[in-house]
Structures are given as C-alpha cells and as structure tokens.
>>> print(open('target_23.txt').read())   # compact mmCIF, C-alpha atoms
# COMPACT_ATOMS: atom_id res chain seq x y z
CA MET A 19 90.42 98.95 140.35
CA SER A 20 91.97 100.91 137.44
CA LYS A 21 95.20 100.02 135.68
CA ALA A 22 96.75 103.19 137.08
CA GLN A 23 95.96 101.99 140.60
CA THR A 24 97.29 98.46 140.05
CA ALA A 25 100.45 99.40 138.11
CA LYS A 26 103.65 98.36 139.85
CA PRO A 27 106.04 101.09 140.94
CA ALA A 28 109.23 101.62 138.93
CA ALA A 29 112.11 99.35 139.93
CA ARG A 30 114.51 100.83 142.45
CA PRO A 31 118.23 100.10 142.67
CA ARG A 32 119.01 97.30 145.10
CA HIS A 33 121.17 99.54 147.25
CA ARG A 34 122.03 103.21 147.47
CA LEU A 35 125.60 104.01 146.49
CA LEU A 36 127.81 105.79 148.99
CA LEU A 37 128.88 109.29 147.98
CA GLY A 38 132.51 108.39 147.25
CA GLU A 39 131.53 105.22 145.38
CA ARG A 40 129.07 107.10 143.17
CA ARG A 41 131.63 109.77 142.34
CA ARG A 42 134.26 107.17 141.44
CA LEU A 43 131.78 105.49 139.10
CA ILE A 44 130.85 108.84 137.57
CA VAL A 45 134.51 109.50 136.71
CA GLU A 46 134.91 106.00 135.24
CA HIS A 47 131.76 106.46 133.12
CA ILE A 48 132.93 109.83 131.78
CA GLU A 49 136.38 108.45 130.93
CA GLU A 50 134.93 105.38 129.20
CA GLN A 51 132.31 107.32 127.20
CA GLY A 52 134.36 110.45 126.53
CA ARG A 53 131.57 112.70 127.87
CA ALA A 54 128.33 112.57 129.87
CA THR A 55 125.30 114.79 130.45
CA VAL A 56 123.68 115.56 133.79
CA GLU A 57 120.45 113.87 132.67
CA GLU A 58 122.28 110.74 131.55
CA LEU A 59 124.13 110.45 134.87
CA ALA A 60 121.01 111.12 136.93
CA LYS A 61 119.23 108.27 135.15
CA LYS A 62 122.19 105.91 135.41
CA PHE A 63 122.70 106.47 139.16
CA HIS A 64 119.00 106.78 140.07
CA THR A 65 119.36 110.22 141.64
CA SER A 66 118.35 113.82 140.94
CA ALA A 67 119.95 116.25 138.52
CA VAL A 68 120.69 118.54 141.47
CA THR A 69 122.71 115.79 143.17
CA ILE A 70 124.62 115.01 139.96
CA ARG A 71 125.46 118.69 139.44
CA ALA A 72 126.87 118.80 142.98
CA ASP A 73 128.90 115.65 142.25
CA LEU A 74 130.28 117.14 139.04
CA GLU A 75 131.21 120.42 140.73
CA ALA A 76 133.07 118.53 143.49
CA LEU A 77 134.88 116.32 140.97
CA ALA A 78 135.80 119.33 138.82
CA ASN A 79 137.19 121.13 141.89
CA ALA A 80 139.33 118.04 142.56
CA SER A 81 140.51 118.08 138.89
CA ALA A 82 139.06 114.61 138.34
CA ILE A 83 136.86 115.79 135.42
CA VAL A 84 136.32 118.90 133.30
CA ARG A 85 132.93 120.58 133.70
CA SER A 86 131.11 121.42 130.47
CA HIS A 87 127.73 122.96 129.70
CA GLY A 88 125.11 120.41 130.74
CA GLY A 89 127.60 117.71 131.70
CA ALA A 90 131.29 116.85 131.94
CA LEU A 91 134.35 115.70 129.98
CA PRO A 92 137.35 113.57 131.03
CA VAL A 93 140.59 115.18 132.13
CA VAL A 94 143.36 115.22 129.52
CA PRO A 95 146.53 115.33 131.65
CA VAL A 96 149.45 117.49 130.50
CA SER A 97 151.90 114.99 131.99
CA SER A 98 151.90 111.40 133.20
CA ASP A 99 152.51 112.43 136.82
CA ILE A 100 148.82 112.49 137.74
CA PRO A 101 147.81 113.43 141.31
CA LEU A 102 146.94 110.45 143.51
CA ASN A 103 143.38 111.62 144.25
CA ILE A 104 142.64 111.45 140.52
CA LYS A 105 144.40 108.10 140.06
CA GLU A 106 142.24 106.58 142.80
CA THR A 107 139.08 107.30 140.81
CA ARG A 108 140.37 105.44 137.74
CA HIS A 109 139.87 101.69 137.24
CA HIS A 110 138.87 101.40 140.90
CA ALA A 111 137.11 98.03 140.61
CA GLN A 112 140.22 96.49 139.04
CA LYS A 113 142.51 98.01 141.69
CA LEU A 114 140.25 96.64 144.41
CA ARG A 115 140.53 93.09 143.03
CA ILE A 116 144.30 93.45 142.70
CA GLY A 117 144.50 94.69 146.28
CA GLN A 118 142.54 91.68 147.50
CA ALA A 119 144.77 89.23 145.60
CA ALA A 120 147.94 90.94 146.86
CA ALA A 121 146.80 90.92 150.49
CA ALA A 122 146.02 87.19 150.19
CA MET A 123 149.71 86.59 149.37
CA ILE A 124 150.90 88.02 152.70
CA ARG A 125 151.72 85.63 155.56
CA ASP A 126 151.96 86.20 159.29
CA GLY A 127 155.37 87.30 160.50
CA GLU A 128 156.46 88.75 157.15
CA THR A 129 158.06 92.10 156.48
CA ILE A 130 156.63 93.72 153.36
CA ILE A 131 157.23 96.97 151.50
CA LEU A 132 154.29 98.95 150.13
CA ASP A 133 155.36 101.52 147.58
CA SER A 134 153.21 104.63 147.12
CA GLY A 135 150.34 104.50 144.63
CA SER A 136 146.62 104.15 144.06
CA THR A 137 146.83 100.34 143.79
CA THR A 138 149.13 99.82 146.77
CA VAL A 139 146.80 101.86 149.00
CA GLU A 140 144.10 99.30 148.13
CA ILE A 141 146.44 96.60 149.44
CA ALA A 142 146.75 98.53 152.70
CA ARG A 143 142.96 98.75 152.96
CA GLN A 144 142.68 95.00 152.42
CA ILE A 145 145.31 94.36 155.09
CA ARG A 146 143.02 96.18 157.51
CA GLN A 147 140.31 93.60 156.76
CA ARG A 148 142.52 90.59 157.46
CA ARG A 149 143.62 89.20 160.82
CA PHE A 150 147.38 89.20 161.17
CA GLU A 151 149.07 88.21 164.41
CA SER A 152 152.31 89.89 163.36
CA LEU A 153 153.21 91.96 160.30
CA THR A 154 155.79 94.65 159.56
CA VAL A 155 155.06 97.13 156.78
CA ILE A 156 157.73 99.44 155.39
CA THR A 157 156.37 102.29 153.31
CA ASN A 158 157.32 105.68 151.89
CA ALA A 159 153.66 106.72 151.52
CA LEU A 160 151.98 108.96 154.09
CA ASN A 161 148.46 107.80 153.19
CA ILE A 162 149.40 104.12 153.49
CA ALA A 163 150.98 104.71 156.91
CA LEU A 164 147.75 106.39 158.03
CA GLU A 165 145.63 103.52 156.64
CA LEU A 166 147.57 101.04 158.78
CA SER A 167 147.97 103.17 161.90
CA GLY A 168 146.29 101.96 165.08
CA LEU A 169 146.21 98.28 164.12
CA PRO A 170 147.51 96.36 167.15
CA HIS A 171 149.58 93.64 165.44
CA ILE A 172 150.95 95.65 162.51
CA ARG A 173 154.20 97.55 162.87
CA VAL A 174 154.59 100.40 160.37
CA MET A 175 158.05 101.69 159.47
CA MET A 176 157.93 105.05 157.69
CA LEU A 177 160.82 106.19 155.52
CA GLY A 178 161.84 109.85 155.75
CA GLY A 179 162.72 112.18 152.92
CA LEU A 180 161.30 114.82 150.58
CA LEU A 181 157.51 114.84 150.22
CA ARG A 182 156.07 114.53 146.71
CA GLN A 183 152.65 116.16 146.97
CA THR A 184 151.21 114.45 143.89
CA SER A 185 151.70 110.98 145.40
CA TYR A 186 152.00 111.60 149.18
CA SER A 187 155.32 109.77 148.94
CA LEU A 188 158.69 110.46 150.56
CA VAL A 189 161.74 110.23 148.31
CA GLY A 190 165.36 111.36 148.08
CA PRO A 191 168.67 110.53 149.82
CA ASP A 192 167.19 110.40 153.35
CA ALA A 193 164.59 107.82 152.29
CA GLU A 194 167.23 105.77 150.47
CA HIS A 195 169.61 105.90 153.45
CA ALA A 196 166.90 104.59 155.79
CA LEU A 197 165.80 101.85 153.39
CA ALA A 198 169.36 100.63 152.72
CA LYS A 199 169.57 99.42 156.35
CA LEU A 200 166.45 97.24 156.02
CA SER A 201 165.38 94.01 154.32
CA ALA A 202 161.97 92.63 153.39
CA ASP A 203 160.32 89.40 152.34
CA ARG A 204 158.18 90.96 149.62
CA LEU A 205 157.78 94.27 147.79
CA PHE A 206 154.47 95.36 146.29
CA LEU A 207 155.52 97.88 143.66
CA GLY A 208 153.03 100.28 142.11
CA VAL A 209 154.12 101.41 138.64
CA ASP A 210 152.93 103.93 136.05
CA GLY A 211 154.15 101.87 133.13
CA LEU A 212 155.20 98.28 132.53
CA ASP A 213 156.69 97.55 129.12
CA PRO A 214 158.28 94.13 128.47
CA GLU A 215 161.15 95.75 126.55
CA VAL A 216 161.83 98.84 128.69
CA GLY A 217 160.81 97.55 132.12
CA VAL A 218 158.87 99.11 135.00
CA THR A 219 158.71 102.90 134.93
CA THR A 220 157.50 105.94 136.89
CA PRO A 221 157.40 109.69 136.10
CA ASP A 222 159.73 110.91 138.89
CA PRO A 223 163.50 110.18 138.91
CA LEU A 224 163.73 110.36 142.73
CA GLU A 225 160.83 107.92 143.09
CA SER A 226 162.50 105.67 140.52
CA ALA A 227 165.78 105.59 142.45
CA LEU A 228 164.00 104.67 145.69
CA ASN A 229 161.91 102.00 143.94
CA ALA A 230 165.08 100.44 142.49
CA LEU A 231 166.50 100.19 146.01
CA MET A 232 163.24 98.62 147.24
CA ILE A 233 163.74 95.87 144.67
CA ARG A 234 167.28 95.27 145.90
CA VAL A 235 166.33 94.91 149.58
CA ALA A 236 163.29 92.66 148.97
CA ARG A 237 163.47 88.92 148.32
CA GLN A 238 160.45 89.01 146.00
CA THR A 239 159.09 91.86 143.87
CA VAL A 240 155.43 91.92 142.87
CA ALA A 241 154.41 94.67 140.45
CA VAL A 242 150.78 95.66 140.99
CA CYS A 243 149.03 97.62 138.25
CA ASP A 244 145.74 97.68 136.39
CA SER A 245 145.82 96.66 132.73
CA SER A 246 145.90 100.27 131.45
CA LYS A 247 149.55 100.44 132.63
CA LEU A 248 150.68 97.36 130.67
CA GLY A 249 152.59 98.21 127.51
CA GLN A 250 153.00 101.83 128.68
CA ARG A 251 156.21 103.71 129.37
CA SER A 252 156.94 106.61 131.72
CA LEU A 253 159.96 108.90 132.13
CA SER A 254 162.18 107.03 134.59
CA VAL A 255 163.08 103.34 134.36
CA ILE A 256 163.00 101.58 137.73
CA ALA A 257 164.23 98.17 136.59
CA PRO A 258 164.05 95.71 133.68
CA VAL A 259 161.24 93.14 133.84
CA ARG A 260 163.71 90.34 134.68
CA GLN A 261 164.00 91.87 138.18
CA VAL A 262 160.23 91.47 138.71
CA HIS A 263 159.10 88.08 139.98
CA LYS A 264 155.37 88.51 139.57
CA VAL A 265 152.84 90.90 138.00
CA LEU A 266 149.34 91.24 139.46
CA SER A 267 146.91 92.85 137.02
CA ASP A 268 143.34 92.50 135.79
CA ALA A 269 141.61 90.49 133.08
CA GLY A 270 141.74 93.42 130.64
CA ALA A 271 145.49 92.91 130.18
CA PRO A 272 146.62 92.82 126.51
CA ALA A 273 147.37 89.21 125.56
CA GLU A 274 150.58 90.10 123.71
CA VAL A 275 152.01 91.92 126.75
CA VAL A 276 151.10 89.04 129.07
CA GLU A 277 152.76 86.57 126.70
CA ALA A 278 155.90 88.72 126.46
CA LEU A 279 156.16 88.96 130.24
CA ARG A 280 155.72 85.22 130.69
CA SER A 281 158.31 84.57 127.99
CA ALA A 282 160.70 86.76 130.02
CA GLY A 283 160.18 84.50 133.04
CA VAL A 284 157.74 86.74 134.89
CA GLN A 285 154.77 85.10 136.60
CA VAL A 286 151.54 86.92 135.63
CA GLU A 287 148.28 86.65 137.59
CA LEU A 288 145.14 88.31 136.26
CA VAL A 289 142.20 88.93 138.60
>>> encode(input="target_23.txt", output="structure tokens")
Amino acid sequence: MSKAQTAKPAARPRHRLLLGERRRLIVEHIEEQGRATVEELAKKFHTSAVTIRADLEALANASAIVRSHGGALPVVPVSSDIPLNIKETRHHAQKLRIGQAAAAMIRDGETIILDSGSTTVEIARQIRQRRFESLTVITNALNIALELSGLPHIRVMMLGGLLRQTSYSLVGPDAEHALAKLSADRLFLGVDGLDPEVGVTTPDPLESALNALMIRVARQTVAVCDSSKLGQRSLSVIAPVRQVHKVLSDAGAPAEVVEALRSAGVQVELV
C-alpha cells in the first residue's frame, strides 16, 4: 500500500461551532488582531471562504465589524454608547464567566435587580440554567425580561419608562417612580466604566439617574463588568466606588485598578 493510501486524514475540529458562536469569535479575533482576511478566518474556523464571507457580510450589516477588500476591520465607535448587539460580541467568554459567578451568588427567595447590559443579560441566561424555587427579578431591560419569561418560579417585575433603543432599556421619570416603591436584596449593575477615582459611569444621563436609584433601593450592589471597563470613564457618573460593595470582573483586570478598589473597601472577585 502506498504512502498516499496510508496517510492519515487532516485533523478535524472536535466540534462544529454554532453560527452565533462562530460569529462572536470572528468579531473578537478581528478586534484583537486589528484586521483579518477571509482566508485567515476560514483556516482558523475550519470552514469555507464562502461561509466566512457570509459571516462577514452579516456582521457588517449589524455594524459589528467594517468590511474591507478581502477581509474585515474592527469598528471604531464615534461614541461610547455602543449598541447592545455589538457589545454582546465583545469579550463574550469573560462575560459568560462573570454571569456564572453572579448567578451563583443568588439565593432562593431573594429579590434582585438586573440592570440592562451585555453582562447582565448573561446573568439572566445563567439564571435560566439554575433551579430556583422562588425568585423575584426587577429589571428595566426588555431583553432580560424576555430571557426570564415563562419560568414557573421566577417573578419578573418590569419597570416602565422611555425606551433606549441602543440598550433595550427603559429609563426616565416613570421608571424611577416605579422603582422608588420597591426594595431588593441585591443589585447586579452593568457599567460602561469603573474608575476608582471617578466611580461607576455610563454614557446616558437618564440611565445614570435610574442606576443611582437602583443602588439606593438595594441592600447590596455588585458591579459586573469585563476587565476592559476597569479604569475607564464614561459621560455620566452613577455613584462613587464607596457605594459599590463588590466588583465581579475577569482575570485580565489591571492590577493597579484592582488594588485601588480593594484599598477603597470594595471586594473584588476575578473569574
């Protein structure tokens, strides 16, 4: 038998990625490398150039990447108020781990608040995987309410208000009026920036005002954010770091920021 006949076939990936998973990883690769070609992505994800081109066209239509000749480039946002569908593609593995750690903190019978955001929606998805006999979730996020709808032992309380299309969140006086009548055991707060000196921040002033009220009505505040948000600042200050009890982030967190937060009395958990 010839060598050609006895040669082993090329190694195949252990499992085929789902469409959404592959596209998230494509975006992460492009953002990490600064660019990528169709051929490079086809080789990396063990698929055809035709499939990659279709992925890139879909991602470009969703404004998650910028299409270029023969490949793609990362999006350079004109403001920090990035649409949620783009945020969800960024640092997804880290957000998943944070979501798992946050969901593990929740106990039966509690009332929690889930703020809008790409990390807090991962918490909602993890809640779906756990068995709660009784749980009340207050949220201002349409997508989070939908994630938790239909679960028999979870009561979802939706705040009213003005819809922000970039984040699927409800904000404004109506949302604040509804929230002011409630109380919660724990708030999971998604933030766009967390600076030890300035505090926790977000791009929208109406969102910031509602988030500040969430902190006031909750007994414990847990800021959930991937490490790219640490040391960053956005337009509107929600609260100083002394009002945050705990920060859940990932192992890529800058050591100096972690040390500054701990020195300010904030518990920091990296996952």
>>> atom_distance(input="target_23.txt", atom1="atom CA of A:Pro223", atom2="atom CA of A:Ala159")
16.4 Å
>>> residues_near_point(input="target_23.txt", point="(140.3, 89.5, 132.9)", cutoff="7 Å", atoms="all atoms listed in the file", output="PyMOL selection string")
chain A and resi 268-271+288-289
>>> atom_distance(input="target_23.txt", atom1="atom CA of A:Gly211", atom2="atom CA of A:Glu49")
19.1 Å
>>> atom_distance(input="target_23.txt", atom1="atom CA of A:His110", atom2="atom CA of A:Gly249")
19.4 Å
>>> closest_atom_pairs(input="target_23.txt", of="stretch 109-146 of chain A", to="stretch 205-208 of chain A", cutoff="9 Å", atoms="all atoms listed in the file", output="tab-separated table")
residue	atom	partner	partner_atom	distance
A:Ala120	CA	A:Phe206	CA	7.9
A:Thr129	CA	A:Leu205	CA	9.0
A:Ile130	CA	A:Leu205	CA	5.7
A:Ile131	CA	A:Leu205	CA	4.6
A:Leu132	CA	A:Phe206	CA	5.3
A:Asp133	CA	A:Leu207	CA	5.4
A:Ser134	CA	A:Gly208	CA	6.6
A:Gly135	CA	A:Gly208	CA	5.6
A:Ser136	CA	A:Gly208	CA	7.7
A:Thr137	CA	A:Gly208	CA	6.4
A:Thr138	CA	A:Gly208	CA	6.1
A:Ile141	CA	A:Phe206	CA	8.7
>>> closest_residue(input="target_23.txt", among="A:Gly52, A:Pro214, A:Gly38, A:Pro258", to="A:Ala90", atoms="all atoms listed in the file")
A:Gly52
